[in-house]
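Raw contents of structure-v6.tsv, TSV, C-alpha atoms:
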```
chain	number	residue	atom	x	y	z
A	3	ALA	CA	0.00	0.00	0.00
A	4	GLN	CA	2.82	2.37	0.87
A	5	GLN	CA	4.55	1.60	-2.42
A	6	PHE	CA	1.35	2.43	-4.31
A	7	VAL	CA	1.06	5.79	-2.58
A	8	HIS	CA	4.72	6.54	-3.28
A	9	THR	CA	4.56	5.57	-6.97
A	10	LEU	CA	1.26	7.42	-7.43
A	11	GLU	CA	2.84	10.60	-6.03
A	12	ALA	CA	5.92	10.08	-8.21
A	13	ALA	CA	3.70	9.56	-11.26
A	14	GLU	CA	1.71	12.71	-10.50
A	15	ALA	CA	4.94	14.70	-10.14
A	16	ALA	CA	6.37	13.29	-13.40
A	17	VAL	CA	3.19	14.11	-15.34
A	18	ALA	CA	3.13	17.63	-13.87
A	19	SER	CA	6.80	18.18	-14.78
A	20	GLY	CA	6.29	17.02	-18.36
A	21	ASP	CA	8.82	14.18	-18.07
A	22	LEU	CA	6.79	11.78	-20.19
A	23	LYS	CA	9.18	8.82	-20.01
A	24	ASP	CA	9.35	8.96	-16.22
A	25	ALA	CA	5.60	9.52	-16.01
A	26	ALA	CA	4.95	6.43	-18.14
A	27	SER	CA	7.33	4.39	-16.04
A	28	GLN	CA	5.75	5.54	-12.77
A	29	ILE	CA	2.23	4.99	-14.09
A	30	GLY	CA	3.25	1.48	-15.14
A	31	ARG	CA	4.56	0.71	-11.66
A	32	THR	CA	1.46	2.20	-10.08
A	33	ARG	CA	-0.82	0.20	-12.37
A	34	GLU	CA	0.96	-3.02	-11.37
A	35	SER	CA	0.18	-2.49	-7.69
A	36	VAL	CA	-3.46	-1.43	-8.20
A	37	ALA	CA	-4.83	-4.96	-8.53
A	38	ASP	CA	-3.52	-5.92	-5.11
A	39	LEU	CA	-5.18	-2.94	-3.44
A	40	GLN	CA	-8.62	-2.90	-5.09
A	41	GLY	CA	-10.20	-4.79	-2.19
A	42	LEU	CA	-9.08	-2.30	0.46
A	43	PRO	CA	-11.64	0.45	1.19
A	44	ARG	CA	-8.96	3.16	1.25
A	45	PHE	CA	-7.84	2.27	-2.29
A	46	ARG	CA	-11.17	1.60	-4.04
A	47	ASP	CA	-10.64	4.56	-6.36
A	48	SER	CA	-7.00	3.72	-7.05
A	49	ARG	CA	-7.67	2.42	-10.55
A	50	ALA	CA	-9.59	5.60	-11.39
A	51	LYS	CA	-6.65	7.70	-10.18
A	52	VAL	CA	-4.20	5.75	-12.33
A	53	ASP	CA	-6.54	5.96	-15.32
A	54	ALA	CA	-6.87	9.73	-14.84
A	55	LEU	CA	-3.08	10.10	-14.74
A	56	SER	CA	-2.77	7.96	-17.82
A	57	ALA	CA	-5.34	10.16	-19.59
A	58	ARG	CA	-3.38	13.29	-18.63
A	59	LEU	CA	-0.20	11.72	-19.93
A	60	LYS	CA	-1.88	10.81	-23.23
A	61	ALA	CA	-3.26	14.35	-23.54
A	62	ASP	CA	0.26	15.75	-23.11
A	63	LEU	CA	1.80	13.16	-25.41
A	64	HIS	CA	-0.68	13.22	-28.30
A	65	PRO	CA	0.37	16.62	-29.75
A	66	ARG	CA	4.00	15.49	-29.68
A	67	LEU	CA	3.11	12.28	-31.49
A	68	VAL	CA	1.09	14.12	-34.13
A	69	ALA	CA	3.94	16.60	-34.69
A	70	ALA	CA	6.46	13.75	-34.97
A	71	PHE	CA	4.29	11.98	-37.56
A	72	HIS	CA	3.55	15.18	-39.46
A	73	ASP	CA	7.21	16.21	-39.60
A	74	GLN	CA	8.45	12.62	-39.88
A	75	ALA	CA	10.76	13.30	-36.94
A	76	THR	CA	12.15	9.83	-36.34
A	77	ASP	CA	13.69	10.37	-32.89
A	78	ALA	CA	10.61	12.16	-31.56
A	79	ALA	CA	8.37	9.41	-32.93
A	80	ARG	CA	10.52	6.73	-31.29
A	81	GLU	CA	10.29	8.52	-27.93
A	82	CYS	CA	6.52	8.81	-28.19
A	83	LEU	CA	6.18	5.17	-29.25
A	84	ALA	CA	8.18	4.07	-26.22
A	85	VAL	CA	5.91	5.99	-23.87
A	86	TYR	CA	2.71	4.72	-25.53
A	87	ALA	CA	4.08	1.17	-25.32
A	88	GLN	CA	4.80	1.59	-21.60
A	89	ILE	CA	1.24	2.67	-20.91
A	90	GLY	CA	-0.26	0.01	-23.21
A	91	GLN	CA	-1.85	2.42	-25.66
A	92	MET	CA	-0.30	1.47	-29.00
A	93	GLU	CA	-3.70	1.58	-30.70
A	94	GLU	CA	-3.56	5.36	-30.17
A	95	VAL	CA	-0.29	5.43	-32.12
A	96	ASP	CA	-1.79	3.47	-34.99
A	97	LYS	CA	-4.83	5.73	-35.18
A	98	ALA	CA	-2.73	8.90	-35.12
A	99	PHE	CA	-0.40	7.57	-37.82
A	100	VAL	CA	-3.24	6.81	-40.21
A	101	GLU	CA	-4.87	10.19	-39.59
A	102	CYS	CA	-1.63	12.21	-39.86
A	103	ARG	CA	-0.10	10.58	-42.89
A	104	GLN	CA	-3.08	11.07	-45.24
A	105	GLY	CA	-2.22	14.75	-45.74
A	106	PRO	CA	0.65	14.23	-48.21
A	107	LEU	CA	-1.59	12.10	-50.44
A	108	TYR	CA	-4.29	14.76	-50.45
A	109	GLU	CA	-1.62	17.32	-51.35
A	110	ARG	CA	-0.52	15.18	-54.29
A	111	TRP	CA	-4.12	14.85	-55.41
A	112	ASN	CA	-4.73	18.56	-55.15
A	113	GLN	CA	-1.69	19.27	-57.32
A	114	GLN	CA	-3.75	18.12	-60.28
A	115	ALA	CA	-5.75	21.32	-60.01
A	116	HIS	CA	-2.46	23.15	-60.61
A	117	ALA	CA	-1.20	20.82	-63.34
A	118	GLN	CA	0.31	22.32	-66.43
A	119	GLU	CA	-2.25	24.09	-68.55
A	120	GLY	CA	-3.53	21.79	-71.21
A	121	GLU	CA	-2.66	18.64	-69.27
A	122	ALA	CA	-5.80	16.58	-69.09
A	123	PHE	CA	-6.79	14.61	-66.05
A	124	HIS	CA	-6.25	11.29	-67.85
A	125	GLU	CA	-2.72	12.40	-68.73
A	126	TRP	CA	-2.01	13.43	-65.13
A	127	LEU	CA	-3.44	10.30	-63.50
A	128	PRO	CA	-0.46	7.96	-64.25
A	129	ALA	CA	1.91	10.45	-62.62
A	130	PHE	CA	-0.37	10.50	-59.56
A	131	HIS	CA	-0.28	6.71	-59.50
A	132	GLU	CA	3.53	6.73	-59.56
A	133	SER	CA	3.64	9.33	-56.77
A	134	VAL	CA	1.33	7.17	-54.64
A	135	LEU	CA	3.66	4.20	-55.08
A	136	ALA	CA	6.68	6.35	-54.18
A	137	PHE	CA	4.78	7.69	-51.17
A	138	ALA	CA	3.96	4.16	-49.97
A	139	ARG	CA	7.59	3.07	-50.25
A	140	ALA	CA	8.83	6.17	-48.43
A	141	GLU	CA	6.22	5.75	-45.67
A	142	LEU	CA	7.22	2.13	-45.12
A	143	ASP	CA	10.86	3.14	-44.94
A	144	TRP	CA	10.22	5.96	-42.48
A	145	ALA	CA	7.87	3.84	-40.36
A	146	ALA	CA	10.59	1.17	-40.11
A	147	ARG	CA	13.17	3.75	-38.97
A	148	ALA	CA	10.68	5.11	-36.42
A	149	GLY	CA	10.07	1.62	-35.02
A	150	MET	CA	6.41	1.37	-36.01
A	151	ARG	CA	4.91	-2.05	-35.52
A	152	ASN	CA	2.42	-3.22	-38.15
A	153	ARG	CA	3.80	-0.65	-40.58
A	154	ARG	CA	2.55	-2.47	-43.68
A	155	VAL	CA	-0.97	-2.56	-42.31
A	156	LEU	CA	-0.76	1.08	-41.25
A	157	VAL	CA	0.57	2.35	-44.59
A	158	THR	CA	-2.05	0.26	-46.39
A	159	SER	CA	-4.71	1.84	-44.16
A	160	VAL	CA	-3.44	5.31	-45.05
A	161	LEU	CA	-3.69	4.46	-48.75
A	162	VAL	CA	-7.12	2.82	-48.49
A	163	GLU	CA	-8.69	5.58	-46.42
A	164	THR	CA	-7.29	8.37	-48.57
A	165	LEU	CA	-7.99	6.80	-51.95
A	166	THR	CA	-11.48	5.77	-50.86
A	167	ALA	CA	-12.20	9.38	-49.93
A	168	LEU	CA	-10.84	10.55	-53.30
A	169	ALA	CA	-12.76	7.97	-55.35
A	170	PRO	CA	-15.89	10.12	-55.90
A	171	GLN	CA	-13.80	13.03	-57.22
A	172	CYS	CA	-11.80	10.72	-59.48
A	173	SER	CA	-14.95	9.06	-60.77
A	174	GLN	CA	-16.54	12.40	-61.50
A	175	ARG	CA	-13.51	13.64	-63.41
A	176	LEU	CA	-13.40	10.45	-65.48
A	177	MET	CA	-17.16	10.67	-66.15
A	178	ASP	CA	-16.71	14.27	-67.24
A	179	LEU	CA	-14.03	13.18	-69.69
A	180	ALA	CA	-16.13	10.30	-71.01
A	181	GLY	CA	-19.13	12.56	-71.51
A	182	ARG	CA	-17.39	15.03	-73.83
A	183	GLY	CA	-18.38	15.13	-77.48
A	184	ALA	CA	-16.37	13.52	-80.26
A	185	ASP	CA	-14.84	16.84	-81.25
A	186	GLN	CA	-13.47	17.48	-77.75
A	187	ALA	CA	-10.60	15.82	-75.97
A	188	ALA	CA	-11.86	12.63	-74.42
A	189	LEU	CA	-10.34	9.56	-72.87
A	190	PRO	CA	-8.08	7.78	-75.33
A	191	LEU	CA	-10.09	4.54	-75.38
```

Hey, can you dump this file as structure tokens for me?
Amino acid sequence: AQQFVHTLEAAEAAVASGDLKDAASQIGRTRESVADLQGLPRFRDSRAKVDALSARLKADLHPRLVAAFHDQATDAARECLAVYAQIGQMEEVDKAFVECRQGPLYERWNQQAHAQEGEAFHEWLPAFHESVLAFARAELDWAARAGMRNRRVLVTSVLVETLTALAPQCSQRLMDLAGRGADQAALPL
């Protein structure tokens, strides 16, 4: 019981100081001793206290994780991953990765609007395809350097979610091309 109180205080101090690694370590130790104390009236709310500390830690950590993914800052991502692993919240990492890494694909897609004048959508589309493949390879490489687990699944999820969202726009552009008259530029079918 005394160890729980001590580690809980140490965890609270580490979270308050912003030392995320120490906070994760202290929360982990505190969480280990919670099960033994649940039956004691004085410690009935111990799990709630540990969960609240864990939530505060995640709230402090999430912006750092998002920034690391956005900037592809390998060392920062590794540090965040280590903390999330210590607190058993790796699903948060996976979710943030998929959300953060869609932006570059949307940027590539939106470049079509600024394509060279006279370049038709059907002429631009193969270049987009090639850039998506290059993006996927680069993402896998970076995710490996950052120590991401399930990186193939995560990069595939980024591609699927982004391309699914872009499908209606792509379909509409292709339909527009197919609907042009014989005297206008149409798909080379």

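In this structure, CA of Ala136 in chain A sits 29.0 Å away from CA of Tyr86 in chain A.
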
Checklist line | Non-local contacts of Ala16 in chain A (10 Å; all atoms listed in the file; under 3 positions in same chain excluded) as a PyMOL selection string | finding: chain A and resi 10-13+19-29+59

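Here CA of Thr9 in chain A is placed at a distance of 5.5 Å from CA of Thr32 in chain A.
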
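What separates CA of Gln88 in chain A from CA of Arg33 in chain A is a distance of 10.9 Å.
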
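Considering the residues A:Met92, A:Leu55, A:Leu161, A:Ala98 and counting only C-alpha atoms, Leu67 in chain A has its shortest atom-to-atom contact with A:Ala98.
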
Proximity check range 128-171 of chain A to range 93-97 of chain A, 9 Å, nearest pairs one decimal Å, all atoms listed in the file, as CSV:
```
residue,atom,partner,partner_atom,distance
A:Met150,CA,A:Asp96,CA,8.5
A:Arg151,CA,A:Asp96,CA,8.7
A:Asn152,CA,A:Asp96,CA,8.5
A:Arg153,CA,A:Asp96,CA,8.9
A:Leu156,CA,A:Asp96,CA,6.8
```

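Nearest-residue note for Leu176 in chain A: choosing from A:Arg154, A:His131, A:His124, A:His8, the minimum distance belongs to A:His124, counting all atoms listed in the file.
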
Start from the incomplete input, build N, CA and C atoms for range 73-87 of chain A, and deliver everything as a CSV table (one decimal), keeping the file's coordinate frame.
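Result file rebuild08.csv:
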```csv
chain,number,residue,atom,x,y,z
A,73,ASP,N,5.9,15.8,-39.2
A,73,ASP,CA,7.2,16.2,-39.6
A,73,ASP,C,8.1,15.0,-40.0
A,74,GLN,N,7.7,13.8,-39.7
A,74,GLN,CA,8.4,12.6,-39.9
A,74,GLN,C,9.8,12.7,-39.1
A,75,ALA,N,9.6,13.2,-37.9
A,75,ALA,CA,10.8,13.3,-36.9
A,75,ALA,C,11.0,11.9,-36.3
A,76,THR,N,11.9,11.2,-36.8
A,76,THR,CA,12.2,9.8,-36.3
A,76,THR,C,12.4,9.7,-34.8
A,77,ASP,N,13.4,10.5,-34.3
A,77,ASP,CA,13.7,10.4,-32.9
A,77,ASP,C,12.5,10.7,-32.0
A,78,ALA,N,11.8,11.8,-32.3
A,78,ALA,CA,10.6,12.2,-31.6
A,78,ALA,C,9.5,11.1,-31.6
A,79,ALA,N,9.4,10.5,-32.8
A,79,ALA,CA,8.4,9.4,-32.9
A,79,ALA,C,8.8,8.2,-32.1
A,80,ARG,N,10.0,7.9,-32.1
A,80,ARG,CA,10.5,6.7,-31.3
A,80,ARG,C,10.3,7.0,-29.8
A,81,GLU,N,10.5,8.2,-29.3
A,81,GLU,CA,10.3,8.5,-27.9
A,81,GLU,C,8.8,8.4,-27.6
A,82,CYS,N,8.0,8.9,-28.4
A,82,CYS,CA,6.5,8.8,-28.2
A,82,CYS,C,6.1,7.4,-28.2
A,83,LEU,N,6.6,6.6,-29.2
A,83,LEU,CA,6.2,5.2,-29.2
A,83,LEU,C,6.6,4.4,-28.0
A,84,ALA,N,7.7,4.7,-27.4
A,84,ALA,CA,8.2,4.1,-26.2
A,84,ALA,C,7.2,4.4,-25.1
A,85,VAL,N,6.8,5.6,-25.0
A,85,VAL,CA,5.9,6.0,-23.9
A,85,VAL,C,4.5,5.3,-24.1
A,86,TYR,N,4.0,5.4,-25.3
A,86,TYR,CA,2.7,4.7,-25.5
A,86,TYR,C,2.8,3.2,-25.2
A,87,ALA,N,3.9,2.6,-25.6
A,87,ALA,CA,4.1,1.2,-25.3
A,87,ALA,C,4.1,0.9,-23.8
```
